[in-house]
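Reproduced below: work_39.cif, with mmCIF, C-alpha atoms.
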```cif
data_start
#
loop_
_atom_site.label_atom_id
_atom_site.label_comp_id
_atom_site.auth_asym_id
_atom_site.auth_seq_id
_atom_site.Cartn_x
_atom_site.Cartn_y
_atom_site.Cartn_z
CA MET A 17 -48.76 74.19 -96.66
CA GLU A 18 -52.02 75.27 -98.18
CA ILE A 19 -54.42 72.39 -97.97
CA HIS A 20 -57.12 72.37 -100.59
CA ASP A 21 -60.03 70.02 -101.11
CA VAL A 22 -60.24 68.92 -97.51
CA PRO A 23 -62.62 66.00 -97.74
CA ASP A 24 -65.89 66.00 -95.82
CA SER A 25 -65.02 62.81 -94.00
CA ARG A 26 -62.06 64.52 -92.32
CA GLN A 27 -62.68 66.24 -89.03
CA THR A 28 -62.51 69.91 -89.92
CA GLY A 29 -62.47 72.88 -87.65
CA SER A 30 -60.53 70.88 -85.10
CA THR A 31 -58.21 73.05 -83.07
CA GLY A 32 -55.86 70.26 -82.11
CA LEU A 33 -52.75 68.82 -83.61
CA GLU A 34 -53.32 66.02 -86.09
CA PHE A 35 -50.55 63.48 -85.72
CA TRP A 36 -50.40 61.36 -88.88
CA PHE A 37 -48.42 58.17 -88.45
CA ASP A 38 -47.82 54.69 -89.79
CA PHE A 39 -46.73 51.98 -87.32
CA ALA A 40 -44.11 50.89 -89.87
CA SER A 41 -42.56 54.38 -90.04
CA THR A 42 -39.25 54.61 -88.22
CA TYR A 43 -39.29 58.28 -87.25
CA SER A 44 -42.92 57.97 -86.14
CA TYR A 45 -41.66 55.84 -83.24
CA PRO A 46 -39.83 58.59 -81.28
CA THR A 47 -42.66 61.01 -82.08
CA ALA A 48 -45.33 58.62 -80.80
CA LEU A 49 -43.48 58.18 -77.54
CA ARG A 50 -42.80 61.91 -77.07
CA ILE A 51 -45.91 63.67 -78.31
CA GLU A 52 -48.42 63.31 -75.49
CA LYS A 53 -46.24 64.77 -72.75
CA LEU A 54 -45.22 67.74 -74.91
CA ALA A 55 -48.80 68.38 -76.08
CA LYS A 56 -50.21 68.22 -72.55
CA ALA A 57 -47.65 70.75 -71.33
CA CYS A 58 -48.97 73.18 -73.96
CA ASP A 59 -52.67 72.28 -73.58
CA VAL A 60 -52.78 70.97 -77.11
CA THR A 61 -55.19 68.19 -78.07
CA ILE A 62 -53.77 65.37 -80.17
CA ILE A 63 -55.86 63.87 -82.94
CA TRP A 64 -54.33 60.46 -83.65
CA ARG A 65 -54.40 59.74 -87.39
CA ALA A 66 -53.26 56.25 -88.33
CA PHE A 67 -52.80 55.80 -92.07
CA LEU A 68 -50.81 53.65 -94.49
CA LEU A 69 -47.71 54.96 -96.24
CA GLY A 70 -47.67 51.98 -98.64
CA PRO A 71 -50.36 53.24 -101.05
CA ILE A 72 -48.80 56.73 -100.99
CA PHE A 73 -45.38 55.32 -101.81
CA GLN A 74 -46.93 53.14 -104.51
CA SER A 75 -48.46 56.18 -106.17
CA GLN A 76 -44.91 57.60 -106.33
CA GLY A 77 -43.72 54.43 -108.02
CA TRP A 78 -42.14 52.83 -104.95
CA SER A 79 -43.01 49.25 -104.05
CA ASP A 80 -40.94 49.36 -100.85
CA SER A 81 -39.80 51.89 -98.26
CA PRO A 82 -37.50 54.56 -99.79
CA PHE A 83 -35.07 53.61 -97.01
CA ASN A 84 -34.76 50.18 -98.61
CA ILE A 85 -34.84 51.43 -102.21
CA TYR A 86 -32.11 54.05 -101.63
CA PRO A 87 -29.41 52.38 -99.49
CA SER A 88 -27.44 55.53 -98.56
CA LYS A 89 -30.66 57.14 -97.31
CA GLY A 90 -31.43 53.97 -95.37
CA ARG A 91 -27.99 53.70 -93.77
CA TYR A 92 -28.22 57.33 -92.68
CA MET A 93 -31.71 56.88 -91.26
CA TRP A 94 -30.82 53.90 -89.04
CA ARG A 95 -27.79 55.72 -87.64
CA ASP A 96 -29.75 58.93 -87.17
CA LEU A 97 -32.71 57.16 -85.56
CA GLN A 98 -30.35 55.62 -83.00
CA ARG A 99 -28.96 59.12 -82.24
CA VAL A 100 -32.48 60.57 -81.95
CA CYS A 101 -33.52 57.81 -79.54
CA ASN A 102 -30.33 58.32 -77.49
CA GLU A 103 -31.05 62.05 -77.33
CA HIS A 104 -34.57 61.46 -76.02
CA ARG A 105 -33.55 58.51 -73.84
CA LEU A 106 -35.81 56.13 -75.72
CA GLU A 107 -35.01 52.46 -76.02
CA PHE A 108 -34.38 51.34 -79.57
CA HIS A 109 -33.60 48.05 -81.24
CA ARG A 110 -33.37 47.99 -85.01
CA PRO A 111 -36.17 45.67 -86.22
CA SER A 112 -34.94 42.52 -87.95
CA ARG A 113 -37.58 43.13 -90.59
CA PHE A 114 -38.41 46.52 -92.10
CA PRO A 115 -40.96 47.73 -92.92
CA ARG A 116 -43.48 45.59 -91.07
CA ASN A 117 -47.08 45.31 -92.19
CA SER A 118 -49.08 47.79 -90.11
CA VAL A 119 -52.55 47.28 -91.57
CA LEU A 120 -54.21 45.47 -88.65
CA ALA A 121 -52.71 47.74 -86.00
CA ALA A 122 -53.83 50.81 -87.99
CA ARG A 123 -57.36 49.38 -88.31
CA ILE A 124 -57.52 49.02 -84.54
CA VAL A 125 -56.60 52.71 -84.16
CA CYS A 126 -59.18 53.78 -86.74
CA ALA A 127 -61.90 51.71 -85.04
CA PHE A 128 -61.08 52.82 -81.51
CA GLU A 129 -59.61 56.29 -82.02
CA SER A 130 -61.82 57.95 -79.41
CA THR A 131 -61.25 55.45 -76.62
CA PRO A 132 -59.20 56.49 -73.59
CA TRP A 133 -56.70 53.64 -74.10
CA ILE A 134 -55.78 54.37 -77.73
CA ALA A 135 -52.69 56.50 -76.97
CA ASP A 136 -51.29 53.75 -74.76
CA PHE A 137 -52.05 51.18 -77.44
CA ILE A 138 -50.20 53.24 -80.05
CA ARG A 139 -47.13 53.44 -77.82
CA GLN A 140 -47.30 49.70 -77.09
CA VAL A 141 -47.37 48.83 -80.78
CA PHE A 142 -44.52 51.19 -81.68
CA SER A 143 -42.45 49.73 -78.84
CA ALA A 144 -43.29 46.19 -79.97
CA ASN A 145 -41.85 47.03 -83.41
CA PHE A 146 -38.90 49.26 -82.53
CA VAL A 147 -37.83 47.99 -79.10
CA LEU A 148 -38.98 44.38 -78.81
CA ASP A 149 -38.53 43.54 -82.51
CA LEU A 150 -41.90 41.82 -82.62
CA ASP A 151 -44.01 41.25 -85.72
CA ILE A 152 -46.78 43.82 -85.36
CA SER A 153 -48.74 42.22 -88.22
CA ASP A 154 -49.23 39.16 -85.99
CA PRO A 155 -52.66 39.25 -84.26
CA ASP A 156 -51.11 37.53 -81.23
CA VAL A 157 -48.61 40.37 -80.77
CA LEU A 158 -51.38 42.96 -81.01
CA SER A 159 -53.55 40.91 -78.67
CA ASP A 160 -50.76 40.99 -76.10
CA CYS A 161 -50.60 44.80 -76.47
CA LEU A 162 -54.35 44.99 -75.87
CA ARG A 163 -54.26 42.67 -72.86
CA LEU A 164 -51.56 44.83 -71.27
CA LEU A 165 -54.06 47.70 -71.41
CA GLY A 166 -56.88 45.63 -69.92
CA GLN A 167 -58.72 45.30 -73.24
CA ASP A 168 -60.33 42.13 -74.51
CA PRO A 169 -58.48 41.16 -77.71
CA GLU A 170 -61.34 39.14 -79.16
CA THR A 171 -63.82 42.02 -78.96
CA VAL A 172 -61.33 44.52 -80.33
CA MET A 173 -60.20 42.24 -83.17
CA ALA A 174 -63.76 41.47 -84.20
CA THR A 175 -64.42 45.18 -84.66
CA ALA A 176 -61.01 45.95 -86.19
CA THR A 177 -61.41 43.30 -88.88
CA GLY A 178 -64.96 44.37 -89.76
CA PRO A 179 -65.94 46.41 -92.82
CA SER A 180 -66.31 49.69 -90.92
CA ALA A 181 -62.71 49.66 -89.58
CA LYS A 182 -61.36 48.67 -92.99
CA SER A 183 -63.26 51.49 -94.61
CA LYS A 184 -62.07 54.01 -92.00
CA LEU A 185 -58.42 53.16 -92.68
CA ARG A 186 -58.93 53.40 -96.45
CA ILE A 187 -60.54 56.83 -96.00
CA SER A 188 -57.78 57.95 -93.65
CA THR A 189 -55.07 56.97 -96.14
CA SER A 190 -56.94 58.64 -98.96
CA ASN A 191 -57.35 61.79 -96.86
CA ALA A 192 -53.63 61.80 -96.07
CA GLN A 193 -52.86 61.74 -99.75
CA LYS A 194 -55.43 64.44 -100.54
CA ILE A 195 -53.98 66.87 -98.03
CA GLY A 196 -50.47 66.34 -99.41
CA ILE A 197 -48.95 63.97 -96.87
CA PHE A 198 -45.97 62.12 -98.37
CA GLY A 199 -44.23 60.73 -95.28
CA ALA A 200 -44.55 60.17 -91.55
CA PRO A 201 -44.67 61.49 -88.96
CA SER A 202 -46.63 64.46 -90.31
CA PHE A 203 -48.40 67.09 -88.27
CA VAL A 204 -51.37 69.09 -89.49
CA ILE A 205 -52.65 72.20 -87.76
CA GLY A 206 -55.37 73.88 -89.80
CA HIS A 207 -53.72 74.66 -93.13
CA GLU A 208 -50.13 74.17 -91.97
CA MET A 209 -48.25 70.91 -92.25
CA TYR A 210 -44.95 69.82 -90.73
CA TRP A 211 -43.10 66.65 -91.61
CA GLY A 212 -40.58 64.86 -89.43
CA ASN A 213 -39.98 64.03 -85.78
CA GLU A 214 -37.57 66.95 -85.44
CA HIS A 215 -40.45 69.35 -86.16
CA LEU A 216 -42.73 68.04 -83.42
CA GLU A 217 -41.95 70.90 -81.05
CA LYS A 218 -42.57 73.48 -83.80
CA ALA A 219 -45.90 71.84 -84.67
CA ILE A 220 -47.03 71.82 -81.04
CA GLU A 221 -46.09 75.49 -80.69
CA ARG A 222 -48.10 76.28 -83.83
CA ALA A 223 -51.10 74.36 -82.45
CA ARG A 224 -50.79 76.23 -79.15
CA GLN A 225 -50.78 79.60 -80.89
CA THR A 226 -53.81 78.79 -83.03
CA SER A 227 -55.98 77.26 -80.32
CA PRO A 228 -58.99 79.45 -79.47
CA MET B 7 -22.93 57.12 -89.87
CA GLU B 8 -19.93 54.93 -90.24
CA ILE B 9 -17.89 56.20 -93.14
CA HIS B 10 -15.71 53.60 -94.79
CA ASP B 11 -13.34 53.86 -97.70
CA VAL B 12 -12.56 57.51 -97.18
CA PRO B 13 -10.66 58.34 -100.35
CA ASP B 14 -7.10 59.66 -100.21
CA SER B 15 -8.02 62.80 -102.09
CA ARG B 16 -10.33 63.85 -99.27
CA GLN B 17 -8.84 65.86 -96.46
CA THR B 18 -8.73 63.42 -93.62
CA GLY B 19 -7.99 64.03 -90.01
CA SER B 20 -9.63 67.43 -90.23
CA THR B 21 -11.20 68.48 -86.96
CA GLY B 22 -13.63 70.94 -88.50
CA LEU B 23 -17.15 70.67 -89.78
CA GLU B 24 -17.43 69.68 -93.43
CA PHE B 25 -20.37 71.51 -94.95
CA TRP B 26 -21.42 69.71 -98.13
CA PHE B 27 -23.66 71.81 -100.36
CA ASP B 28 -24.94 72.28 -103.89
CA PHE B 29 -25.84 75.80 -105.00
CA ALA B 30 -29.02 74.39 -106.52
CA SER B 31 -30.13 72.85 -103.21
CA THR B 32 -32.96 74.76 -101.59
CA TYR B 33 -32.26 73.94 -97.93
CA SER B 34 -28.55 74.60 -98.46
CA TYR B 35 -29.46 78.29 -98.85
CA PRO B 36 -30.49 78.99 -95.23
CA THR B 37 -27.61 76.84 -94.00
CA ALA B 38 -25.05 78.72 -96.10
CA LEU B 39 -26.25 82.02 -94.70
CA ARG B 40 -26.34 80.81 -91.09
CA ILE B 41 -23.35 78.53 -90.70
CA GLU B 42 -20.39 80.87 -90.31
CA LYS B 43 -21.79 82.89 -87.43
CA LEU B 44 -22.83 79.76 -85.52
CA ALA B 45 -19.53 78.00 -86.16
CA LYS B 46 -17.47 81.01 -85.07
CA ALA B 47 -19.40 81.26 -81.82
CA CYS B 48 -18.34 77.66 -81.07
CA ASP B 49 -14.79 77.95 -82.44
CA VAL B 50 -15.55 75.41 -85.11
CA THR B 51 -13.74 75.54 -88.46
CA ILE B 52 -15.90 75.14 -91.55
CA ILE B 53 -14.61 73.12 -94.49
CA TRP B 54 -16.64 74.25 -97.48
CA ARG B 55 -17.44 71.27 -99.73
CA ALA B 56 -19.17 72.16 -102.98
CA PHE B 57 -20.44 69.13 -104.89
CA LEU B 58 -23.13 68.23 -107.41
CA LEU B 59 -26.32 66.47 -106.38
CA GLY B 60 -27.22 65.73 -110.02
CA PRO B 61 -24.94 62.68 -110.48
CA ILE B 62 -26.00 61.33 -107.07
CA PHE B 63 -29.67 61.69 -107.96
CA GLN B 64 -28.99 60.10 -111.35
CA SER B 65 -27.46 57.07 -109.69
CA GLN B 66 -30.76 56.73 -107.77
CA GLY B 67 -32.65 56.82 -111.06
CA TRP B 68 -33.75 60.45 -110.85
CA SER B 69 -33.19 62.77 -113.79
CA ASP B 70 -34.54 65.80 -111.92
CA SER B 71 -34.81 67.07 -108.35
CA PRO B 72 -37.01 64.81 -106.20
CA PHE B 73 -38.93 68.00 -105.34
CA ASN B 74 -39.98 68.17 -109.00
CA ILE B 75 -40.48 64.43 -109.45
CA TYR B 76 -42.69 64.09 -106.34
CA PRO B 77 -45.09 67.09 -106.35
CA SER B 78 -46.42 66.71 -102.79
CA LYS B 79 -42.84 66.68 -101.48
CA GLY B 80 -42.08 69.75 -103.61
CA ARG B 81 -45.15 71.70 -102.47
CA TYR B 82 -44.26 70.98 -98.87
CA MET B 83 -40.61 71.99 -99.35
CA TRP B 84 -41.42 75.42 -100.85
CA ARG B 85 -43.85 76.21 -98.05
CA ASP B 86 -41.46 74.92 -95.40
CA LEU B 87 -38.46 76.77 -96.87
CA GLN B 88 -40.43 80.02 -96.65
CA ARG B 89 -41.19 79.27 -92.98
CA VAL B 90 -37.55 78.42 -92.27
CA CYS B 91 -36.39 81.67 -93.89
CA ASN B 92 -38.99 83.65 -91.93
CA GLU B 93 -37.81 82.01 -88.71
CA HIS B 94 -34.19 82.99 -89.38
CA ARG B 95 -35.11 86.38 -90.84
CA LEU B 96 -33.59 85.51 -94.19
CA GLU B 97 -34.87 87.03 -97.39
CA PHE B 98 -36.34 84.49 -99.77
CA HIS B 99 -37.85 84.61 -103.22
CA ARG B 100 -38.84 81.34 -104.86
CA PRO B 101 -36.66 80.99 -107.99
CA SER B 102 -38.58 81.06 -111.25
CA ARG B 103 -36.49 78.10 -112.35
CA PHE B 104 -35.56 75.12 -110.21
CA PRO B 105 -33.11 73.55 -109.99
CA ARG B 106 -30.55 75.83 -111.61
CA ASN B 107 -27.30 74.52 -113.03
CA SER B 108 -24.65 74.97 -110.37
CA VAL B 109 -21.62 73.48 -112.12
CA LEU B 110 -19.64 76.67 -112.83
CA ALA B 111 -20.28 78.16 -109.38
CA ALA B 112 -19.21 74.88 -107.76
CA ARG B 113 -16.02 74.79 -109.86
CA ILE B 114 -15.16 78.28 -108.59
CA VAL B 115 -15.52 77.05 -105.01
CA CYS B 116 -13.39 73.95 -105.68
CA ALA B 117 -10.68 76.05 -107.32
CA PHE B 118 -10.62 78.76 -104.67
CA GLU B 119 -11.71 76.92 -101.52
CA SER B 120 -8.83 78.19 -99.39
CA THR B 121 -9.14 81.87 -100.28
CA PRO B 122 -10.39 84.32 -97.65
CA TRP B 123 -13.28 85.48 -99.90
CA ILE B 124 -14.81 82.06 -100.61
CA ALA B 125 -17.39 82.14 -97.80
CA ASP B 126 -18.66 85.53 -99.01
CA PHE B 127 -18.77 84.24 -102.56
CA ILE B 128 -20.83 81.23 -101.50
CA ARG B 129 -23.34 83.48 -99.74
CA GLN B 130 -23.48 85.82 -102.76
CA VAL B 131 -24.29 82.94 -105.12
CA PHE B 132 -26.93 81.44 -102.85
CA SER B 133 -28.56 84.87 -102.51
CA ALA B 134 -28.42 85.37 -106.28
CA ASN B 135 -30.39 82.14 -106.72
CA PHE B 136 -32.81 82.28 -103.79
CA VAL B 137 -33.30 85.99 -103.22
CA LEU B 138 -32.59 87.76 -106.52
CA ASP B 139 -33.89 84.93 -108.75
CA LEU B 140 -30.83 85.20 -111.00
CA ASP B 141 -29.50 82.46 -113.24
CA ILE B 142 -26.41 81.26 -111.40
CA SER B 143 -25.28 79.23 -114.40
CA ASP B 144 -24.74 82.53 -116.26
CA PRO B 145 -21.05 83.56 -116.10
CA ASP B 146 -22.16 87.22 -116.02
CA VAL B 147 -24.13 86.64 -112.83
CA LEU B 148 -21.17 84.91 -111.19
CA SER B 149 -18.83 87.65 -112.44
CA ASP B 150 -21.02 90.22 -110.70
CA CYS B 151 -20.78 88.16 -107.49
CA LEU B 152 -16.99 88.15 -107.81
CA ARG B 153 -16.77 91.87 -108.55
CA LEU B 154 -18.80 92.64 -105.42
CA LEU B 155 -16.04 90.89 -103.46
CA GLY B 156 -13.25 92.79 -105.23
CA GLN B 157 -12.16 89.77 -107.28
CA ASP B 158 -11.27 89.90 -110.95
CA PRO B 159 -13.84 87.76 -112.79
CA GLU B 160 -11.59 87.04 -115.75
CA THR B 161 -8.79 85.59 -113.63
CA VAL B 162 -11.19 83.55 -111.52
CA MET B 163 -13.14 82.23 -114.52
CA ALA B 164 -9.97 81.23 -116.36
CA THR B 165 -8.97 79.05 -113.40
CA ALA B 166 -12.49 77.77 -112.70
CA THR B 167 -12.98 76.56 -116.28
CA GLY B 168 -9.59 74.87 -116.42
CA PRO B 169 -8.99 71.12 -116.13
CA SER B 170 -7.84 71.26 -112.50
CA ALA B 171 -11.07 72.88 -111.24
CA LYS B 172 -13.19 70.50 -113.29
CA SER B 173 -11.31 67.55 -111.87
CA LYS B 174 -11.63 68.85 -108.30
CA LEU B 175 -15.43 69.09 -108.61
CA ARG B 176 -15.65 65.60 -110.11
CA ILE B 177 -13.58 64.23 -107.23
CA SER B 178 -15.65 66.14 -104.68
CA THR B 179 -18.90 64.73 -106.06
CA SER B 180 -17.44 61.24 -106.18
CA ASN B 181 -16.24 61.61 -102.58
CA ALA B 182 -19.69 62.79 -101.48
CA GLN B 183 -21.19 59.64 -102.94
CA LYS B 184 -18.51 57.41 -101.41
CA ILE B 185 -19.13 58.71 -97.90
CA GLY B 186 -22.86 58.17 -98.25
CA ILE B 187 -24.12 61.66 -98.95
CA PHE B 188 -27.55 61.55 -100.62
CA GLY B 189 -28.79 65.12 -100.19
CA ALA B 190 -27.79 68.62 -99.17
CA PRO B 191 -26.98 70.29 -96.91
CA SER B 192 -24.99 67.51 -95.27
CA PHE B 193 -22.54 67.88 -92.42
CA VAL B 194 -19.66 65.52 -91.79
CA ILE B 195 -17.67 65.48 -88.57
CA GLY B 196 -15.24 62.59 -88.48
CA HIS B 197 -17.40 59.50 -88.88
CA GLU B 198 -20.72 61.19 -88.10
CA MET B 199 -23.01 62.66 -90.72
CA TYR B 200 -26.05 64.91 -90.37
CA TRP B 201 -28.41 65.81 -93.17
CA GLY B 202 -30.64 68.86 -93.32
CA ASN B 203 -30.59 72.54 -92.38
CA GLU B 204 -32.49 71.80 -89.16
CA HIS B 205 -29.54 69.72 -87.93
CA LEU B 206 -26.94 72.44 -88.38
CA GLU B 207 -26.87 73.33 -84.69
CA LYS B 208 -26.51 69.66 -83.73
CA ALA B 209 -23.65 69.21 -86.20
CA ILE B 210 -21.82 72.28 -84.89
CA GLU B 211 -22.23 71.03 -81.34
CA ARG B 212 -20.81 67.66 -82.36
CA ALA B 213 -17.84 69.37 -84.07
CA ARG B 214 -17.24 71.48 -80.97
CA GLN B 215 -17.19 68.40 -78.73
CA THR B 216 -14.79 66.51 -80.97
CA SER B 217 -12.31 69.33 -81.60
CA PRO B 218 -8.98 68.70 -79.91
#
```

Written form, structure tokens:
Amino acid sequence: MEIHDVPDSRQTGSTGLEFWFDFASTYSYPTALRIEKLAKACDVTIIWRAFLLGPIFQSQGWSDSPFNIYPSKGRYMWRDLQRVCNEHRLEFHRPSRFPRNSVLAARIVCAFESTPWIADFIRQVFSANFVLDLDISDPDVLSDCLRLLGQDPETVMATATGPSAKSKLRISTSNAQKIGIFGAPSFVIGHEMYWGNEHLEKAIERARQTSP
Amino acid sequence: MEIHDVPDSRQTGSTGLEFWFDFASTYSYPTALRIEKLAKACDVTIIWRAFLLGPIFQSQGWSDSPFNIYPSKGRYMWRDLQRVCNEHRLEFHRPSRFPRNSVLAARIVCAFESTPWIADFIRQVFSANFVLDLDISDPDVLSDCLRLLGQDPETVMATATGPSAKSKLRISTSNAQKIGIFGAPSFVIGHEMYWGNEHLEKAIERARQTSP
């Protein structure tokens, strides 16, 4: 899609693939687990963009996930997500609570997006939600994810709960809305956008073609 | 998805691929033009299922297409539909009016679903809407579609506007809702459902595997 009014705070001129996700988003789970291997095979750089779907849904008049508001859509999604995970040989356990609050986990990504461990952290958190059925809004759960990666939870949490991380996530969500994102996973390559896990391969191919 | 309460009026035990579509549905257009060739190559029988999305949307509280109600979703869809049509080398011209009333065209399909010309008629009507930008609610436009196929418009229209055709479309739409259809194109193979043009190949493969 044509993206107008790209805000200054957004990295522009990047030649990579922006992967926009919310840890609460069901179809973002298979994408998060698949994307790095596919991108590496095509020499495509991933720019990890955590944001919150909640405020975007709210601006459309939804106070809950559309999968909860519209039951037939929800029933289809859970069945389809199981099929998608089977197809990609990904473990999947339907979370006992959906959607889960992803604010703290997203703040950690925003605060530490350029660290070498962030991709592993993202996969850990998605697996905590969609395989282990753990409450990813619980600092203890996120601390366990961090410990598994050799990170000190106290240091990370102190930064992630500070004003800078909070501001970064607010800006990220606002940027998502400005560039026309309405769901997750979404992929942005220059002025083109793709929405949905099933379009990941197409998005990577587009990023490969447009890289300098 | 698990489909319960399959109504008696629905053909059950069919081993083909049920293709559920609305002539007003944007992504049903590329599917309608692609499906027969793909299905034939896999020896899969298509069961053409015209229905109306309007009453299903209304039951979700929408009085218009979600692509009109949610502008960012709509902007994405038009851009994406153009890309999809490019990819499949299908002509596409964004209709000057969306969505168009598809009731009469759907009644024709319901009344003549087992005729040898119905697949051609379906393609003609979709092309009228999404290539020629014609008003498919206009009986003259549909009459032209019928004439192109060597059918007598007067005879067809007399049947399609009769009580039996009207009842068939009402039942079809009610059946769609009962089996959990919430959008188009949708594909039903036994108890499995797939939604979206991008899942056509997957649905055909599923139908091929389950055919006796």

Report as JSON lines the residues of chain A within 10 Å of chain B, each with its shortest atom pair and distance in Å (one decimal), using only C-alpha atoms, ordered by chain and increasing residue number.
```
{"residue": "A:Met17", "atom": "CA", "partner": "B:Arg85", "partner_atom": "CA", "distance": 5.5}
{"residue": "A:Glu18", "atom": "CA", "partner": "B:Arg85", "partner_atom": "CA", "distance": 8.2}
{"residue": "A:Ser75", "atom": "CA", "partner": "B:Tyr76", "partner_atom": "CA", "distance": 9.8}
{"residue": "A:Gln76", "atom": "CA", "partner": "B:Tyr76", "partner_atom": "CA", "distance": 6.9}
{"residue": "A:Gly77", "atom": "CA", "partner": "B:Tyr76", "partner_atom": "CA", "distance": 9.9}
{"residue": "A:Ile85", "atom": "CA", "partner": "B:Gln66", "partner_atom": "CA", "distance": 8.7}
{"residue": "A:Tyr86", "atom": "CA", "partner": "B:Gln66", "partner_atom": "CA", "distance": 6.8}
{"residue": "A:Pro87", "atom": "CA", "partner": "B:Gly186", "partner_atom": "CA", "distance": 8.8}
{"residue": "A:Ser88", "atom": "CA", "partner": "B:Gly186", "partner_atom": "CA", "distance": 5.3}
{"residue": "A:Lys89", "atom": "CA", "partner": "B:Phe188", "partner_atom": "CA", "distance": 6.3}
{"residue": "A:Gly90", "atom": "CA", "partner": "B:Gly186", "partner_atom": "CA", "distance": 10.0}
{"residue": "A:Arg91", "atom": "CA", "partner": "B:Met7", "partner_atom": "CA", "distance": 7.2}
{"residue": "A:Tyr92", "atom": "CA", "partner": "B:Met7", "partner_atom": "CA", "distance": 6.0}
{"residue": "A:Met93", "atom": "CA", "partner": "B:Met7", "partner_atom": "CA", "distance": 8.9}
{"residue": "A:Trp94", "atom": "CA", "partner": "B:Met7", "partner_atom": "CA", "distance": 8.6}
{"residue": "A:Arg95", "atom": "CA", "partner": "B:Met7", "partner_atom": "CA", "distance": 5.5}
{"residue": "A:Asp96", "atom": "CA", "partner": "B:Met7", "partner_atom": "CA", "distance": 7.6}
{"residue": "A:Arg99", "atom": "CA", "partner": "B:Met7", "partner_atom": "CA", "distance": 9.9}
{"residue": "A:Gln193", "atom": "CA", "partner": "B:Ser78", "partner_atom": "CA", "distance": 8.7}
{"residue": "A:Lys194", "atom": "CA", "partner": "B:Ser78", "partner_atom": "CA", "distance": 9.6}
{"residue": "A:Ile195", "atom": "CA", "partner": "B:Ser78", "partner_atom": "CA", "distance": 8.9}
{"residue": "A:Gly196", "atom": "CA", "partner": "B:Ser78", "partner_atom": "CA", "distance": 5.3}
{"residue": "A:Ile197", "atom": "CA", "partner": "B:Ser78", "partner_atom": "CA", "distance": 7.0}
{"residue": "A:Phe198", "atom": "CA", "partner": "B:Lys79", "partner_atom": "CA", "distance": 6.3}
{"residue": "A:Gly199", "atom": "CA", "partner": "B:Lys79", "partner_atom": "CA", "distance": 8.7}
{"residue": "A:Glu208", "atom": "CA", "partner": "B:Arg85", "partner_atom": "CA", "distance": 9.0}
{"residue": "A:Met209", "atom": "CA", "partner": "B:Tyr82", "partner_atom": "CA", "distance": 7.7}
{"residue": "A:Tyr210", "atom": "CA", "partner": "B:Asp86", "partner_atom": "CA", "distance": 7.7}
{"residue": "A:Trp211", "atom": "CA", "partner": "B:Tyr82", "partner_atom": "CA", "distance": 8.5}
{"residue": "A:Glu214", "atom": "CA", "partner": "B:Glu204", "partner_atom": "CA", "distance": 7.9}
{"residue": "A:His215", "atom": "CA", "partner": "B:Glu204", "partner_atom": "CA", "distance": 8.9}
```

Checklist entry - Hey, which of B:Phe127, B:Trp26, B:Phe104, B:Phe98 ends up closest to Ser192 (chain B)? Count only C-alpha atoms. => result B:Trp26

Item to check | Residue contacts of region 40-43 of chain B (8 Å, all atoms listed in the file) excluding same-chain residues fewer than 4 positions away, as a ChimeraX atom specification | outcome: /B:36,47,52,206

Next on the checklist: Selection in question (the file shown): the PyMOL selection byres ((chain B and resi 211) around 12). Which residues does it include, as number ranges by chain?
Outcome noted: B: 22-23, 44-51, 193, 195, 200, 205-210, 212-217

Checklist entry - Which residues match the PyMOL selection byres ((chain B and resi 157-171) around 10) in the file above, as a list in words? => result Leu110, Ala111, Ala112, Arg113, Ile114, Val115, Cys116, Ala117, Phe118, Trp123, Phe127, Pro145, Asp146, Leu148, Ser149, Asp150, Cys151, Leu152, Arg153, Leu154, Leu155, Gly156, Lys172, Ser173, Lys174, Leu175, Arg176 and Ile177 of chain B

Next on the checklist: Need the shell around Leu148 (chain A): protein/DNA/RNA residues with any atom at most 12 Å away, counting all atoms listed in the file. Skip same-chain ones fewer than 3 positions apart. Format as a ChimeraX atom specification?
Outcome noted: /A:107-113,140-145,151-152,157,161

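In this structure, CA of Ile128 (chain B) sits 7.3 Å away from CA of Ala38 (chain B).
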
Next on the checklist: If I take CA of Thr21 (chain B) and CA of Trp54 (chain B), how far is one from the other in Å, to one decimal?
Outcome noted: 13.2 Å

Next on the checklist: Please list as a PyMOL selection string every residue within 12 Å of Leu59 (chain B), counting all atoms listed in the file and excluding residues in the same chain fewer than 4 positions away.
Outcome noted: chain B and resi 26-32+34+63-66+68-72+105-109+112+175-176+178-183+187-192

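Note that CA of Arg65 (chain A) and CA of Tyr43 (chain A) are 15.2 Å apart.
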